[in-house]
Amino acid sequence: MSDILGSNARAESKLLIARHGSLARLFAAVNSTDDAYCDAAPLVISRLHHVGQAALASLRAGLSSNRPIYGPDDLIDQLQFDMATLEVETFRLLSLDTANHVIANHEMWRGTVNQVQAYPREIVRQALWDNASALIVAHNHPSGDTNPSPLDLRLTSQIAAAANTMEIALHDHIIVGRLGSTSLRRSHPNLFEAAAGAAGLAPNSSPGRIT
């Protein structure tokens with residue numbers, strides 16, 4: 001990145017990365033209306049914007065390639081780029097095949113600053129249309145707080161149960177904020193195991209299950 005920015009901007013770009021905590025979060029901020037970096041040189045911001053767009057294109061290409069998804073860490077960078085600075089809650093669905101390759105990436109719904117309506121039946125219907133064996137869902141919290149609400153937990157349980165009845169595994173529900181993301185598979189694994197048990201499946205019976 002330093003060669004692209006130029007030597008005069010190298011020190012300033014390092015300061016911006018340190019301020020935002022990571023390169024992904026900096027690129028997300030550059031593409032937002034956040035003025036936390038507005039004191040940086042316009043040329044630095046302009047070049048960072050172009051670098052960020054190129055990086056996002058590369059991440060999207062990676063998801064559409066033959067690279068399998070083994071866990072939330074394989075998705076966090078793209079989700080941060082795509083969703084961290086959105087001003088309203090947005091719900092996404094990623095459909096996966098039996099080897100955990102992403103075969104479709106859908107923006108399903110947009111809501112308000114503090115909620116988005118999501119419908120388990122429509123999620124499963126889209127996954128079936130994609131001929132998916134598994135799915136991952138994600139939504140953002142514009143507030144920046146990625147702790148799941150009671151409604152988030154209930155929705156996750158409903159999606160997992162609905163998907164399991166069609167022999168589709170819900171691998172994860174990821175909540176994205178400005179400063180990071182939360183994987184409900186990691187923080188609330190009981191939601192996924194309970195749904196599998198209610199469907200008469202062993203909790204780890206789904207092909208290619210990720211953790």
# chains A, B, ... in the order shown; residues from 1 in each chain; ligands from 1
>>> residues_around(residues="range 122-133 of chain A", least_positions_apart="5", cutoff="7 Å", atoms="only C-alpha atoms", output="PyMOL selection string")
chain A and resi 95-98+104+162-163+168-169
>>> select_by_dssp(residues="range 79-188 of chain A", states="alpha helix (DSSP H)", output="tab-separated table (two decimals) with N, CA and C atoms, in the first residue's frame")
chain	number	residue	atom	x	y	z
A	79	LEU	N	-17.33	-8.37	5.07
A	79	LEU	CA	-18.51	-7.84	5.76
A	79	LEU	C	-18.22	-6.47	6.35
A	80	GLN	N	-17.01	-6.27	6.88
A	80	GLN	CA	-16.64	-4.96	7.40
A	80	GLN	C	-16.66	-3.91	6.30
A	81	PHE	N	-16.09	-4.24	5.15
A	81	PHE	CA	-16.09	-3.31	4.02
A	81	PHE	C	-17.51	-3.00	3.58
A	82	ASP	N	-18.33	-4.04	3.47
A	82	ASP	CA	-19.67	-3.89	2.89
A	82	ASP	C	-20.67	-3.24	3.84
A	83	MET	N	-20.54	-3.51	5.16
A	83	MET	CA	-21.66	-3.23	6.06
A	83	MET	C	-21.33	-2.35	7.25
A	120	PRO	N	-37.55	-15.79	8.19
A	120	PRO	CA	-36.92	-17.10	8.02
A	120	PRO	C	-37.43	-17.88	6.81
A	121	ARG	N	-38.72	-17.81	6.55
A	121	ARG	CA	-39.27	-18.54	5.41
A	121	ARG	C	-38.65	-18.07	4.10
A	122	GLU	N	-38.50	-16.76	3.93
A	122	GLU	CA	-37.94	-16.21	2.70
A	122	GLU	C	-36.45	-16.53	2.59
A	123	ILE	N	-35.78	-16.56	3.72
A	123	ILE	CA	-34.35	-16.92	3.71
A	123	ILE	C	-34.18	-18.35	3.22
A	124	VAL	N	-34.98	-19.26	3.76
A	124	VAL	CA	-34.87	-20.66	3.36
A	124	VAL	C	-35.29	-20.83	1.91
A	125	ARG	N	-36.33	-20.10	1.50
A	125	ARG	CA	-36.77	-20.21	0.11
A	125	ARG	C	-35.66	-19.76	-0.86
A	126	GLN	N	-34.95	-18.67	-0.51
A	126	GLN	CA	-33.85	-18.22	-1.37
A	126	GLN	C	-32.72	-19.23	-1.37
A	127	ALA	N	-32.43	-19.81	-0.20
A	127	ALA	CA	-31.37	-20.82	-0.13
A	127	ALA	C	-31.71	-22.04	-0.98
A	128	LEU	N	-32.97	-22.44	-0.96
A	128	LEU	CA	-33.40	-23.56	-1.80
A	128	LEU	C	-33.27	-23.20	-3.28
A	129	TRP	N	-33.64	-21.98	-3.63
A	129	TRP	CA	-33.52	-21.52	-5.01
A	129	TRP	C	-32.06	-21.54	-5.46
A	150	PRO	N	-32.12	-9.60	22.16
A	150	PRO	CA	-32.99	-10.77	22.28
A	150	PRO	C	-33.68	-11.13	20.96
A	151	LEU	N	-34.03	-10.11	20.17
A	151	LEU	CA	-34.65	-10.39	18.88
A	151	LEU	C	-33.67	-11.05	17.92
A	152	ASP	N	-32.41	-10.64	17.97
A	152	ASP	CA	-31.38	-11.26	17.13
A	152	ASP	C	-31.24	-12.75	17.47
A	153	LEU	N	-31.24	-13.05	18.76
A	153	LEU	CA	-31.09	-14.44	19.19
A	153	LEU	C	-32.30	-15.26	18.77
A	154	ARG	N	-33.48	-14.68	18.93
A	154	ARG	CA	-34.69	-15.42	18.54
A	154	ARG	C	-34.73	-15.65	17.03
A	155	LEU	N	-34.37	-14.64	16.27
A	155	LEU	CA	-34.35	-14.79	14.81
A	155	LEU	C	-33.36	-15.87	14.39
A	156	THR	N	-32.19	-15.89	15.01
A	156	THR	CA	-31.19	-16.90	14.68
A	156	THR	C	-31.73	-18.30	14.92
A	157	SER	N	-32.39	-18.48	16.06
A	157	SER	CA	-32.97	-19.78	16.38
A	157	SER	C	-34.04	-20.17	15.37
A	158	GLN	N	-34.86	-19.20	14.95
A	158	GLN	CA	-35.92	-19.48	13.98
A	158	GLN	C	-35.35	-19.84	12.61
A	159	ILE	N	-34.31	-19.11	12.18
A	159	ILE	CA	-33.69	-19.42	10.89
A	159	ILE	C	-33.06	-20.80	10.92
A	160	ALA	N	-32.34	-21.11	11.99
A	160	ALA	CA	-31.69	-22.41	12.11
A	160	ALA	C	-32.71	-23.54	12.08
A	161	ALA	N	-33.82	-23.36	12.79
A	161	ALA	CA	-34.85	-24.39	12.82
A	161	ALA	C	-35.50	-24.56	11.45
A	162	ALA	N	-35.82	-23.44	10.79
A	162	ALA	CA	-36.46	-23.52	9.48
A	162	ALA	C	-35.53	-24.15	8.45
A	163	ALA	N	-34.26	-23.78	8.50
A	163	ALA	CA	-33.30	-24.33	7.55
A	163	ALA	C	-33.09	-25.83	7.79
A	164	ASN	N	-33.01	-26.24	9.04
A	164	ASN	CA	-32.77	-27.65	9.35
A	164	ASN	C	-33.90	-28.55	8.87
A	165	THR	N	-35.12	-28.02	8.86
A	165	THR	CA	-36.23	-28.84	8.36
A	165	THR	C	-36.07	-29.17	6.88
A	184	LEU	N	-22.34	-15.34	16.18
A	184	LEU	CA	-23.24	-16.00	17.11
A	184	LEU	C	-22.95	-17.50	17.22
A	185	ARG	N	-22.32	-18.07	16.19
A	185	ARG	CA	-21.89	-19.47	16.29
A	185	ARG	C	-20.91	-19.62	17.44
A	186	ARG	N	-20.05	-18.61	17.62
A	186	ARG	CA	-19.06	-18.67	18.69
A	186	ARG	C	-19.64	-18.25	20.03
A	187	SER	N	-20.47	-17.20	20.02
A	187	SER	CA	-20.95	-16.65	21.29
A	187	SER	C	-22.18	-17.37	21.83
>>> residues_around(residues="range 134-140 of chain A", least_positions_apart="5", cutoff="7 Å", atoms="only C-alpha atoms", output="VMD selection string")
chain A and resid 83 to 84 89 to 97 168 to 177
>>> atom_distance(atom1="CA of Pro142 in chain A", atom2="CA of Leu179 in chain A")
10.6 Å
>>> closest_residue(among="A:Asp145, A:Ile76, A:Trp109, A:Leu86", to="Ser183 in chain A", atoms="only C-alpha atoms")
A:Ile76
>>> closest_residue(among="A:Val113, A:Val88, A:Ser149, A:Ala99", to="Pro68 in chain A", atoms="only C-alpha atoms")
A:Ala99
